[in-house]
Amino acid sequence: MTADLPPYYFRVKENGALVFRVDTENRQRRLELDQIATININNGQVKAQGDTKLTPEDEAAIAAWMQTRVANLAARDVDDIHRAVDHLNLTAHWAQARASDAQLEEVTDALLLAMHDLRSVLVRKKADRLMKAQKPGSSDD
């Protein structure tokens, strides 16, 4: 089992991760996780734990993990939005086909405000993109 373990373990937390070096080469031949750093994915900060000096291998593994994590989180964001679109469609069907007057009374104002807010943001962002695309010399990202 120990031969298959990666050299690092990343314990994900809300804004990043704790980084551990996986140690199987000890006297007791037990698995040990030695914390070597803390990562803040929001600002890209990596702090070595205590007196730990990060090796180039540590830094490369951390940088690779951060790059993969940022890509995964971005993909999840888009997937969540696709799910929200599906949920809005399901909500429309529920409101039309199954909801009682009391249920509609309970949720209508909150839904209308949220949808109005979302619509305002989407229209403004779409207009910004169209204006940017019309400017001479501008290029899309």
# chains A, B, ... in the order shown; residues from 1 in each chain; ligands from 1

call {"tool": "residues_around", "arguments": {"residues": "A:Ala63", "least_positions_apart": "4", "cutoff": "10 Å", "atoms": "only C-alpha atoms", "output": "PyMOL selection string"}}
result
chain A and resi 39+44+46+57-59+67-69

call {"tool": "write_last_selection", "arguments": {"atoms": "all heavy atoms", "output": "CSV table (one decimal), in the first residue's frame"}}
result
chain,number,residue,atom,x,y,z
A,39,ILE,N,-1.9,26.8,2.3
A,39,ILE,CA,-2.2,27.5,1.0
A,39,ILE,C,-3.5,28.3,1.1
A,39,ILE,O,-4.5,27.8,1.6
A,39,ILE,CB,-2.4,26.5,-0.1
A,39,ILE,CG1,-1.2,25.6,-0.3
A,39,ILE,CG2,-2.8,27.2,-1.4
A,39,ILE,CD1,-1.4,24.5,-1.3
A,44,GLY,N,-3.3,33.2,-3.5
A,44,GLY,CA,-2.1,32.5,-4.0
A,44,GLY,C,-1.0,32.4,-3.0
A,44,GLY,O,0.1,32.0,-3.4
A,46,VAL,N,1.3,31.0,-0.1
A,46,VAL,CA,1.8,29.8,0.5
A,46,VAL,C,2.7,30.1,1.6
A,46,VAL,O,3.7,30.8,1.5
A,46,VAL,CB,2.6,28.9,-0.6
A,46,VAL,CG1,3.1,27.7,0.1
A,46,VAL,CG2,1.8,28.6,-1.8
A,57,GLU,N,11.1,20.9,-4.9
A,57,GLU,CA,10.1,19.8,-5.2
A,57,GLU,C,8.7,20.1,-4.5
A,57,GLU,O,7.7,20.0,-5.1
A,57,GLU,CB,10.6,18.4,-4.8
A,57,GLU,CG,11.7,17.9,-5.6
A,57,GLU,CD,13.1,18.5,-5.1
A,57,GLU,OE1,13.2,19.0,-4.0
A,57,GLU,OE2,14.1,18.4,-5.9
A,58,ASP,N,8.8,20.6,-3.3
A,58,ASP,CA,7.6,21.0,-2.5
A,58,ASP,C,6.9,22.1,-3.2
A,58,ASP,O,5.7,22.1,-3.5
A,58,ASP,CB,8.0,21.5,-1.1
A,58,ASP,CG,8.6,20.4,-0.2
A,58,ASP,OD1,8.4,19.2,-0.5
A,58,ASP,OD2,9.3,20.8,0.8
A,59,GLU,N,7.7,23.1,-3.6
A,59,GLU,CA,7.1,24.3,-4.3
A,59,GLU,C,6.5,23.9,-5.6
A,59,GLU,O,5.4,24.4,-5.9
A,59,GLU,CB,8.2,25.4,-4.4
A,59,GLU,CG,8.6,26.0,-3.1
A,59,GLU,CD,9.8,26.9,-3.2
A,59,GLU,OE1,10.4,27.0,-4.3
A,59,GLU,OE2,10.1,27.6,-2.2
A,67,GLN,N,-2.7,25.1,-9.4
A,67,GLN,CA,-3.2,25.3,-10.7
A,67,GLN,C,-4.4,24.4,-11.0
A,67,GLN,O,-5.4,24.8,-11.6
A,67,GLN,CB,-2.1,25.1,-11.7
A,67,GLN,CG,-2.4,25.4,-13.1
A,67,GLN,CD,-1.2,25.2,-14.1
A,67,GLN,OE1,-0.2,24.7,-13.7
A,67,GLN,NE2,-1.4,25.6,-15.3
A,68,THR,N,-4.2,23.1,-10.6
A,68,THR,CA,-5.3,22.2,-10.8
A,68,THR,C,-6.5,22.5,-10.0
A,68,THR,O,-7.7,22.5,-10.5
A,68,THR,CB,-4.8,20.7,-10.5
A,68,THR,OG1,-3.7,20.4,-11.3
A,68,THR,CG2,-5.9,19.7,-10.6
A,69,ARG,N,-6.3,23.0,-8.8
A,69,ARG,CA,-7.5,23.3,-7.9
A,69,ARG,C,-8.2,24.5,-8.5
A,69,ARG,O,-9.5,24.5,-8.5
A,69,ARG,CB,-7.0,23.6,-6.5
A,69,ARG,CG,-8.0,24.0,-5.5
A,69,ARG,CD,-8.9,22.8,-5.2
A,69,ARG,NE,-9.8,23.1,-4.1
A,69,ARG,CZ,-10.8,22.4,-3.8
A,69,ARG,NH1,-11.0,21.2,-4.4
A,69,ARG,NH2,-11.7,22.7,-2.9

call {"tool": "residues_around", "arguments": {"residues": "A:Leu33", "least_positions_apart": "2", "cutoff": "6 Å", "atoms": "only C-alpha atoms", "output": "ChimeraX atom specification"}}
result
/A:20-22

call {"tool": "write_last_selection", "arguments": {"atoms": "N, CA and C atoms", "output": "JSON list (two decimals), in the first residue's frame"}}
result
[["chain", "number", "residue", "atom", "x", "y", "z"],
["A", 20, "PHE", "N", 0.66, 18.43, 3.39],
["A", 20, "PHE", "CA", 1.38, 17.47, 4.20],
["A", 20, "PHE", "C", 2.35, 16.69, 3.31],
["A", 21, "ARG", "N", 3.52, 16.42, 3.85],
["A", 21, "ARG", "CA", 4.45, 15.51, 3.18],
["A", 21, "ARG", "C", 4.12, 14.12, 3.74],
["A", 22, "VAL", "N", 3.93, 13.17, 2.85],
["A", 22, "VAL", "CA", 3.60, 11.80, 3.26],
["A", 22, "VAL", "C", 4.90, 11.09, 3.58]]

call {"tool": "select_by_dssp", "arguments": {"residues": "chain A", "states": "strand (DSSP E or B)", "output": "VMD selection string"}}
result
chain A and resid 8 to 13 16 to 23 32 to 40 45 to 48

call {"tool": "residues_around", "arguments": {"residues": "A:Thr24", "least_positions_apart": "4", "cutoff": "12 Å", "atoms": "only C-alpha atoms", "output": "PDB file with N, CA, C and O atoms, in the first residue's frame"}}
result
ATOM      1  N   MET A   1       0.813  -1.201   0.000  1.00  0.00           N
ATOM      2  CA  MET A   1       0.000   0.000   0.000  1.00  0.00           C
ATOM      3  C   MET A   1       0.855   1.263   0.000  1.00  0.00           C
ATOM      4  O   MET A   1       0.577   2.195  -0.720  1.00  0.00           O
ATOM      5  N   THR A   2       1.909   1.303   0.793  1.00  0.00           N
ATOM      6  CA  THR A   2       2.692   2.525   0.917  1.00  0.00           C
ATOM      7  C   THR A   2       3.413   2.899  -0.366  1.00  0.00           C
ATOM      8  O   THR A   2       3.681   4.063  -0.595  1.00  0.00           O
ATOM      9  N   ALA A   3       3.718   1.927  -1.220  1.00  0.00           N
ATOM     10  CA  ALA A   3       4.418   2.234  -2.464  1.00  0.00           C
ATOM     11  C   ALA A   3       3.538   3.043  -3.413  1.00  0.00           C
ATOM     12  O   ALA A   3       4.037   3.749  -4.268  1.00  0.00           O
ATOM     13  N   ASP A   4       2.225   2.952  -3.267  1.00  0.00           N
ATOM     14  CA  ASP A   4       1.301   3.639  -4.154  1.00  0.00           C
ATOM     15  C   ASP A   4       0.939   5.047  -3.683  1.00  0.00           C
ATOM     16  O   ASP A   4       0.202   5.744  -4.382  1.00  0.00           O
ATOM     17  N   LEU A   5       1.381   5.435  -2.527  1.00  0.00           N
ATOM     18  CA  LEU A   5       0.986   6.734  -1.980  1.00  0.00           C
ATOM     19  C   LEU A   5       1.743   7.878  -2.655  1.00  0.00           C
ATOM     20  O   LEU A   5       2.928   7.751  -2.963  1.00  0.00           O
ATOM     21  N   PRO A   6       1.059   9.001  -2.847  1.00  0.00           N
ATOM     22  CA  PRO A   6       1.741  10.171  -3.412  1.00  0.00           C
ATOM     23  C   PRO A   6       2.660  10.790  -2.354  1.00  0.00           C
ATOM     24  O   PRO A   6       2.487  10.556  -1.155  1.00  0.00           O
ATOM     25  N   PRO A   7       3.605  11.595  -2.779  1.00  0.00           N
ATOM     26  CA  PRO A   7       4.527  12.209  -1.814  1.00  0.00           C
ATOM     27  C   PRO A   7       3.886  13.322  -0.990  1.00  0.00           C
ATOM     28  O   PRO A   7       4.424  13.705   0.059  1.00  0.00           O
ATOM     29  N   TYR A   8       2.756  13.861  -1.463  1.00  0.00           N
ATOM     30  CA  TYR A   8       2.097  14.957  -0.762  1.00  0.00           C
ATOM     31  C   TYR A   8       0.612  14.670  -0.618  1.00  0.00           C
ATOM     32  O   TYR A   8       0.007  14.009  -1.464  1.00  0.00           O
ATOM     33  N   GLN A  28       8.920   3.107  12.739  1.00  0.00           N
ATOM     34  CA  GLN A  28       7.756   2.270  13.021  1.00  0.00           C
ATOM     35  C   GLN A  28       7.085   1.769  11.745  1.00  0.00           C
ATOM     36  O   GLN A  28       6.153   0.980  11.802  1.00  0.00           O
ATOM     37  N   ARG A  29       7.539   2.236  10.580  1.00  0.00           N
ATOM     38  CA  ARG A  29       6.973   1.887   9.287  1.00  0.00           C
ATOM     39  C   ARG A  29       5.476   2.191   9.248  1.00  0.00           C
ATOM     40  O   ARG A  29       4.687   1.448   8.704  1.00  0.00           O
ATOM     41  N   ARG A  30       5.118   3.311   9.874  1.00  0.00           N
ATOM     42  CA  ARG A  30       3.736   3.771   9.865  1.00  0.00           C
ATOM     43  C   ARG A  30       3.628   4.961   8.932  1.00  0.00           C
ATOM     44  O   ARG A  30       4.598   5.642   8.654  1.00  0.00           O
ATOM     45  N   LEU A  31       2.422   5.198   8.538  1.00  0.00           N
ATOM     46  CA  LEU A  31       2.139   6.345   7.694  1.00  0.00           C
ATOM     47  C   LEU A  31       2.067   7.588   8.572  1.00  0.00           C
ATOM     48  O   LEU A  31       1.331   7.621   9.559  1.00  0.00           O
ATOM     49  N   GLU A  32       2.853   8.588   8.220  1.00  0.00           N
ATOM     50  CA  GLU A  32       2.819   9.858   8.942  1.00  0.00           C
ATOM     51  C   GLU A  32       2.623  10.984   7.945  1.00  0.00           C
ATOM     52  O   GLU A  32       3.162  10.963   6.842  1.00  0.00           O
ATOM     53  N   LEU A  33       1.835  11.951   8.335  1.00  0.00           N
ATOM     54  CA  LEU A  33       1.613  13.151   7.535  1.00  0.00           C
ATOM     55  C   LEU A  33       2.237  14.317   8.283  1.00  0.00           C
ATOM     56  O   LEU A  33       1.791  14.670   9.371  1.00  0.00           O
ATOM     57  N   ASP A  34       3.274  14.908   7.690  1.00  0.00           N
ATOM     58  CA  ASP A  34       3.960  16.044   8.304  1.00  0.00           C
ATOM     59  C   ASP A  34       3.510  17.310   7.597  1.00  0.00           C
ATOM     60  O   ASP A  34       3.787  17.490   6.396  1.00  0.00           O
TER      61      ASP A  34
END

call {"tool": "atom_distance", "arguments": {"atom1": "atom CA of A:Asp86", "atom2": "atom CA of A:Met115"}}
result
14.3 Å

call {"tool": "closest_residue", "arguments": {"among": "A:Asn26, A:Asn40, A:Gln35, A:Gln134", "to": "A:Val70", "atoms": "only C-alpha atoms"}}
result
A:Asn40

call {"tool": "select_by_dssp", "arguments": {"residues": "chain A", "states": "helix (DSSP H, G or I)", "output": "CSV table (one decimal) with N, CA and C atoms, in the first residue's frame"}}
result
chain,number,residue,atom,x,y,z
A,2,THR,N,1.9,1.3,0.8
A,2,THR,CA,2.7,2.5,0.9
A,2,THR,C,3.4,2.9,-0.4
A,3,ALA,N,3.7,1.9,-1.2
A,3,ALA,CA,4.4,2.2,-2.5
A,3,ALA,C,3.5,3.0,-3.4
A,4,ASP,N,2.2,3.0,-3.3
A,4,ASP,CA,1.3,3.6,-4.2
A,4,ASP,C,0.9,5.0,-3.7
A,56,PRO,N,12.5,22.9,-3.6
A,56,PRO,CA,12.0,23.1,-4.9
A,56,PRO,C,10.9,22.1,-5.4
A,57,GLU,N,11.1,20.9,-4.9
A,57,GLU,CA,10.1,19.8,-5.2
A,57,GLU,C,8.7,20.1,-4.5
A,58,ASP,N,8.8,20.6,-3.3
A,58,ASP,CA,7.6,21.0,-2.5
A,58,ASP,C,6.9,22.1,-3.2
A,59,GLU,N,7.7,23.1,-3.6
A,59,GLU,CA,7.1,24.3,-4.3
A,59,GLU,C,6.5,23.9,-5.6
A,60,ALA,N,7.1,23.0,-6.4
A,60,ALA,CA,6.6,22.6,-7.6
A,60,ALA,C,5.3,21.8,-7.4
A,61,ALA,N,5.2,20.9,-6.5
A,61,ALA,CA,4.0,20.2,-6.2
A,61,ALA,C,2.9,21.1,-5.7
A,62,ILE,N,3.2,22.0,-4.9
A,62,ILE,CA,2.2,23.0,-4.4
A,62,ILE,C,1.7,23.8,-5.6
A,63,ALA,N,2.5,24.3,-6.4
A,63,ALA,CA,2.1,25.1,-7.6
A,63,ALA,C,1.2,24.3,-8.5
A,64,ALA,N,1.6,23.1,-8.8
A,64,ALA,CA,0.8,22.2,-9.7
A,64,ALA,C,-0.6,22.0,-9.0
A,65,TRP,N,-0.6,21.7,-7.7
A,65,TRP,CA,-1.9,21.5,-7.1
A,65,TRP,C,-2.8,22.7,-7.1
A,66,MET,N,-2.2,23.9,-6.9
A,66,MET,CA,-2.9,25.1,-6.9
A,66,MET,C,-3.5,25.4,-8.3
A,67,GLN,N,-2.7,25.1,-9.4
A,67,GLN,CA,-3.2,25.3,-10.7
A,67,GLN,C,-4.4,24.4,-11.0
A,68,THR,N,-4.2,23.1,-10.6
A,68,THR,CA,-5.3,22.2,-10.8
A,68,THR,C,-6.5,22.5,-10.0
A,69,ARG,N,-6.3,23.0,-8.8
A,69,ARG,CA,-7.5,23.3,-7.9
A,69,ARG,C,-8.2,24.5,-8.5
A,70,VAL,N,-7.5,25.5,-8.9
A,70,VAL,CA,-8.2,26.7,-9.5
A,70,VAL,C,-9.0,26.3,-10.7
A,71,ALA,N,-8.5,25.4,-11.6
A,71,ALA,CA,-9.2,25.0,-12.7
A,71,ALA,C,-10.4,24.1,-12.3
A,72,ASN,N,-10.3,23.3,-11.3
A,72,ASN,CA,-11.4,22.5,-10.9
A,72,ASN,C,-12.5,23.4,-10.3
A,73,LEU,N,-12.2,24.4,-9.5
A,73,LEU,CA,-13.1,25.2,-8.9
A,73,LEU,C,-13.9,26.1,-10.0
A,74,ALA,N,-13.2,26.5,-11.0
A,74,ALA,CA,-13.8,27.2,-12.1
A,74,ALA,C,-14.8,26.4,-12.8
A,75,ALA,N,-14.4,25.1,-13.1
A,75,ALA,CA,-15.3,24.2,-13.8
A,75,ALA,C,-16.5,23.9,-12.9
A,76,ARG,N,-16.3,23.8,-11.6
A,76,ARG,CA,-17.5,23.6,-10.7
A,76,ARG,C,-18.4,24.7,-10.7
A,77,ASP,N,-17.9,26.0,-10.8
A,77,ASP,CA,-18.7,27.1,-10.8
A,77,ASP,C,-19.6,27.1,-12.1
A,78,VAL,N,-19.1,26.8,-13.2
A,78,VAL,CA,-19.8,26.7,-14.4
A,78,VAL,C,-20.9,25.6,-14.4
A,79,ASP,N,-20.5,24.5,-13.8
A,79,ASP,CA,-21.4,23.3,-13.7
A,79,ASP,C,-22.5,23.7,-12.8
A,80,ASP,N,-22.2,24.4,-11.7
A,80,ASP,CA,-23.3,24.9,-10.8
A,80,ASP,C,-24.3,25.8,-11.5
A,81,ILE,N,-23.8,26.6,-12.4
A,81,ILE,CA,-24.7,27.5,-13.1
A,81,ILE,C,-25.6,26.7,-14.0
A,82,HIS,N,-25.0,25.7,-14.7
A,82,HIS,CA,-25.9,24.9,-15.6
A,82,HIS,C,-26.9,24.2,-14.7
A,83,ARG,N,-26.6,23.8,-13.6
A,83,ARG,CA,-27.6,23.1,-12.7
A,83,ARG,C,-28.6,24.1,-12.2
A,84,ALA,N,-28.2,25.4,-12.0
A,84,ALA,CA,-29.2,26.4,-11.6
A,84,ALA,C,-30.2,26.7,-12.8
A,85,VAL,N,-29.7,26.7,-14.0
A,85,VAL,CA,-30.6,26.8,-15.2
A,85,VAL,C,-31.6,25.7,-15.2
A,86,ASP,N,-31.1,24.4,-15.0
A,86,ASP,CA,-32.0,23.3,-14.9
A,86,ASP,C,-33.0,23.5,-13.8
A,87,HIS,N,-32.6,23.9,-12.6
A,87,HIS,CA,-33.4,24.1,-11.5
A,87,HIS,C,-34.5,25.2,-11.7
A,88,LEU,N,-34.1,26.3,-12.4
A,88,LEU,CA,-35.1,27.3,-12.8
A,88,LEU,C,-36.2,26.7,-13.7
A,89,ASN,N,-35.8,25.9,-14.6
A,89,ASN,CA,-36.8,25.2,-15.5
A,89,ASN,C,-37.7,24.3,-14.7
A,90,LEU,N,-37.1,23.6,-13.8
A,90,LEU,CA,-37.9,22.7,-12.9
A,90,LEU,C,-38.9,23.5,-12.0
A,91,THR,N,-38.4,24.7,-11.6
A,91,THR,CA,-39.2,25.6,-10.7
A,91,THR,C,-40.4,26.1,-11.5
A,92,ALA,N,-40.1,26.5,-12.8
A,92,ALA,CA,-41.2,27.0,-13.6
A,92,ALA,C,-42.2,25.9,-13.8
A,93,HIS,N,-41.8,24.7,-14.1
A,93,HIS,CA,-42.8,23.6,-14.3
A,93,HIS,C,-43.6,23.4,-13.0
A,94,TRP,N,-42.9,23.4,-11.8
A,94,TRP,CA,-43.5,23.2,-10.5
A,94,TRP,C,-44.6,24.3,-10.3
A,95,ALA,N,-44.2,25.6,-10.6
A,95,ALA,CA,-45.1,26.7,-10.4
A,95,ALA,C,-46.3,26.6,-11.3
A,96,GLN,N,-46.2,26.1,-12.5
A,96,GLN,CA,-47.3,26.0,-13.4
A,96,GLN,C,-48.1,24.8,-13.2
A,97,ALA,N,-47.5,23.7,-12.8
A,97,ALA,CA,-48.3,22.4,-12.8
A,97,ALA,C,-48.6,21.9,-11.4
A,101,ASP,N,-51.6,27.6,-4.2
A,101,ASP,CA,-51.6,29.1,-4.1
A,101,ASP,C,-50.8,29.4,-2.8
A,102,ALA,N,-50.9,28.7,-1.8
A,102,ALA,CA,-50.1,29.0,-0.5
A,102,ALA,C,-48.6,28.8,-0.8
A,103,GLN,N,-48.2,27.8,-1.5
A,103,GLN,CA,-46.8,27.6,-1.8
A,103,GLN,C,-46.3,28.8,-2.7
A,104,LEU,N,-47.1,29.2,-3.7
A,104,LEU,CA,-46.7,30.3,-4.6
A,104,LEU,C,-46.6,31.6,-3.8
A,105,GLU,N,-47.5,31.8,-2.9
A,105,GLU,CA,-47.5,33.0,-2.1
A,105,GLU,C,-46.2,33.0,-1.2
A,106,GLU,N,-45.8,31.9,-0.8
A,106,GLU,CA,-44.6,31.8,0.1
A,106,GLU,C,-43.3,32.2,-0.7
A,107,VAL,N,-43.2,31.8,-1.9
A,107,VAL,CA,-41.9,31.9,-2.6
A,107,VAL,C,-41.9,33.0,-3.7
A,108,THR,N,-43.0,33.5,-4.2
A,108,THR,CA,-43.1,34.4,-5.3
A,108,THR,C,-42.2,35.6,-5.2
A,109,ASP,N,-42.4,36.3,-4.1
A,109,ASP,CA,-41.6,37.6,-4.0
A,109,ASP,C,-40.1,37.4,-4.0
A,110,ALA,N,-39.7,36.3,-3.2
A,110,ALA,CA,-38.2,36.0,-3.2
A,110,ALA,C,-37.7,35.6,-4.6
A,111,LEU,N,-38.5,34.8,-5.3
A,111,LEU,CA,-38.1,34.4,-6.6
A,111,LEU,C,-38.0,35.6,-7.6
A,112,LEU,N,-39.1,36.4,-7.5
A,112,LEU,CA,-39.1,37.6,-8.4
A,112,LEU,C,-37.9,38.5,-8.2
A,113,LEU,N,-37.6,38.8,-6.9
A,113,LEU,CA,-36.5,39.7,-6.6
A,113,LEU,C,-35.2,39.1,-7.1
A,114,ALA,N,-35.0,37.8,-6.8
A,114,ALA,CA,-33.7,37.1,-7.2
A,114,ALA,C,-33.6,37.1,-8.7
A,115,MET,N,-34.7,36.8,-9.4
A,115,MET,CA,-34.6,36.8,-10.9
A,115,MET,C,-34.4,38.2,-11.5
A,116,HIS,N,-35.1,39.2,-10.9
A,116,HIS,CA,-34.9,40.6,-11.3
A,116,HIS,C,-33.4,41.0,-11.2
A,117,ASP,N,-32.8,40.6,-10.0
A,117,ASP,CA,-31.4,41.0,-9.7
A,117,ASP,C,-30.5,40.2,-10.8
A,118,LEU,N,-30.8,39.0,-11.0
A,118,LEU,CA,-30.0,38.2,-11.9
A,118,LEU,C,-30.1,38.8,-13.3
A,119,ARG,N,-31.3,39.1,-13.7
A,119,ARG,CA,-31.5,39.6,-15.1
A,119,ARG,C,-30.8,40.9,-15.2
A,120,SER,N,-30.8,41.8,-14.2
A,120,SER,CA,-30.1,43.1,-14.3
A,120,SER,C,-28.6,42.9,-14.5
A,121,VAL,N,-28.1,42.0,-13.7
A,121,VAL,CA,-26.6,41.7,-13.8
A,121,VAL,C,-26.3,41.1,-15.2
A,122,LEU,N,-27.1,40.2,-15.7
A,122,LEU,CA,-26.8,39.5,-17.0
A,122,LEU,C,-26.9,40.5,-18.1
A,123,VAL,N,-27.9,41.4,-18.1
A,123,VAL,CA,-28.1,42.4,-19.1
A,123,VAL,C,-27.0,43.4,-19.1
A,124,ARG,N,-26.6,43.8,-18.0
A,124,ARG,CA,-25.5,44.8,-17.9
A,124,ARG,C,-24.2,44.2,-18.4
A,125,LYS,N,-23.9,42.9,-18.0
A,125,LYS,CA,-22.7,42.3,-18.4
A,125,LYS,C,-22.7,42.0,-19.9
A,126,LYS,N,-23.8,41.6,-20.4
A,126,LYS,CA,-23.9,41.4,-21.9
A,126,LYS,C,-23.7,42.7,-22.6
A,127,ALA,N,-24.3,43.8,-22.2
A,127,ALA,CA,-24.0,45.1,-22.8
A,127,ALA,C,-22.6,45.5,-22.7
A,128,ASP,N,-21.9,45.2,-21.6
A,128,ASP,CA,-20.5,45.5,-21.5
A,128,ASP,C,-19.7,44.7,-22.5
A,129,ARG,N,-20.0,43.5,-22.7
A,129,ARG,CA,-19.3,42.6,-23.6
A,129,ARG,C,-19.5,43.1,-25.1
A,130,LEU,N,-20.7,43.5,-25.4
A,130,LEU,CA,-21.0,44.0,-26.7
A,130,LEU,C,-20.3,45.3,-27.0
A,131,MET,N,-20.3,46.2,-26.0
A,131,MET,CA,-19.6,47.4,-26.2
A,131,MET,C,-18.1,47.2,-26.4
A,132,LYS,N,-17.6,46.3,-25.6
A,132,LYS,CA,-16.1,46.0,-25.7
A,132,LYS,C,-15.8,45.4,-27.1
A,133,ALA,N,-16.7,44.5,-27.6
A,133,ALA,CA,-16.4,43.9,-28.9
A,133,ALA,C,-16.6,44.9,-30.0
A,134,GLN,N,-17.3,46.0,-29.9
A,134,GLN,CA,-17.5,47.0,-30.9
A,134,GLN,C,-16.4,48.0,-31.0
